[in-house]
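Down below is the structure, laid out as structure tokens.
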Amino acid sequence: MSTLSGLILCGGQSKRMGTDKGLILKGKQPWFTLMADKVKPFALQTFISINKTQLEQYQAYFSPASFIIDQHE
């Protein structure tokens with residue numbers, strides 16, 4: 001298990017949904033934070049895949065060290 005990591009996919013341009021899917025609220029929490037909570041019991045290092053335009057909004061919830069930023073435009 002020491003080589004496993006969790007990855008929450010939130011990148012993309014939201015062309016089909018029209019809004020950032022990771023920030024959609026379920027109750028009072030953004031979707032991506034709920035997914036991160038689901039991974040916690042496994043004690044995995046968890047990363048969140050985002051694009052560079054999402055960084056400012058997402059770092060309000062997680063440390064920038066948690067992000068993997070898309071390299072493709």
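Each chain of the structure tokens is named A, B, ... in the order shown, its residues numbered from 1; ligands are numbered from 1 in display order.
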Please, which residues of chain A, numbered as in this document, come out strand (DSSP E or B) from DSSP, as a PyMOL selection string?
chain A and resi 5-9+25-26+29-30+45-50+67-69
Saved selection, atoms kept: C-alpha atoms, as a PDB file, in the first residue's frame:
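Listed below is the output, part-v5.pdb:
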```
ATOM      1  CA  SER A   5      -1.879   7.131  -4.165  1.00  0.00           C
ATOM      2  CA  GLY A   6      -5.354   8.551  -4.492  1.00  0.00           C
ATOM      3  CA  LEU A   7      -6.199  10.815  -7.440  1.00  0.00           C
ATOM      4  CA  ILE A   8      -9.285  12.977  -7.771  1.00  0.00           C
ATOM      5  CA  LEU A   9      -9.843  14.136 -11.349  1.00  0.00           C
ATOM      6  CA  LEU A  25     -21.885  21.758  -4.091  1.00  0.00           C
ATOM      7  CA  LYS A  26     -23.397  18.704  -2.493  1.00  0.00           C
ATOM      8  CA  GLN A  29     -19.264  20.981   0.440  1.00  0.00           C
ATOM      9  CA  PRO A  30     -17.700  21.017  -3.017  1.00  0.00           C
ATOM     10  CA  GLN A  45      -1.399  10.264  -0.234  1.00  0.00           C
ATOM     11  CA  THR A  46      -4.084  11.942  -2.313  1.00  0.00           C
ATOM     12  CA  PHE A  47      -3.649  14.314  -5.234  1.00  0.00           C
ATOM     13  CA  ILE A  48      -6.142  16.458  -7.081  1.00  0.00           C
ATOM     14  CA  SER A  49      -5.770  16.853 -10.830  1.00  0.00           C
ATOM     15  CA  ILE A  50      -6.733  20.356 -11.979  1.00  0.00           C
ATOM     16  CA  PHE A  67      -2.340  19.399  -6.910  1.00  0.00           C
ATOM     17  CA  ILE A  68      -1.249  17.876 -10.172  1.00  0.00           C
ATOM     18  CA  ILE A  69      -1.714  20.561 -12.791  1.00  0.00           C
TER      19      ILE A  69
END
```
Using only C-alpha atoms, pick whichever of A:Thr53, A:Leu4, A:His72, A:Tyr61 has the shortest atom-to-atom distance to Ala36 (chain A).
A:Tyr61
So how far away is CA of Thr19 (chain A) from CA of Phe32 (chain A), in Å?
13.5 Å
For CA of Pro41 (chain A) and CA of Gly12 (chain A), quote the distance in Å rounded to one decimal.
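Between these atoms lies a distance of 27.3 Å.
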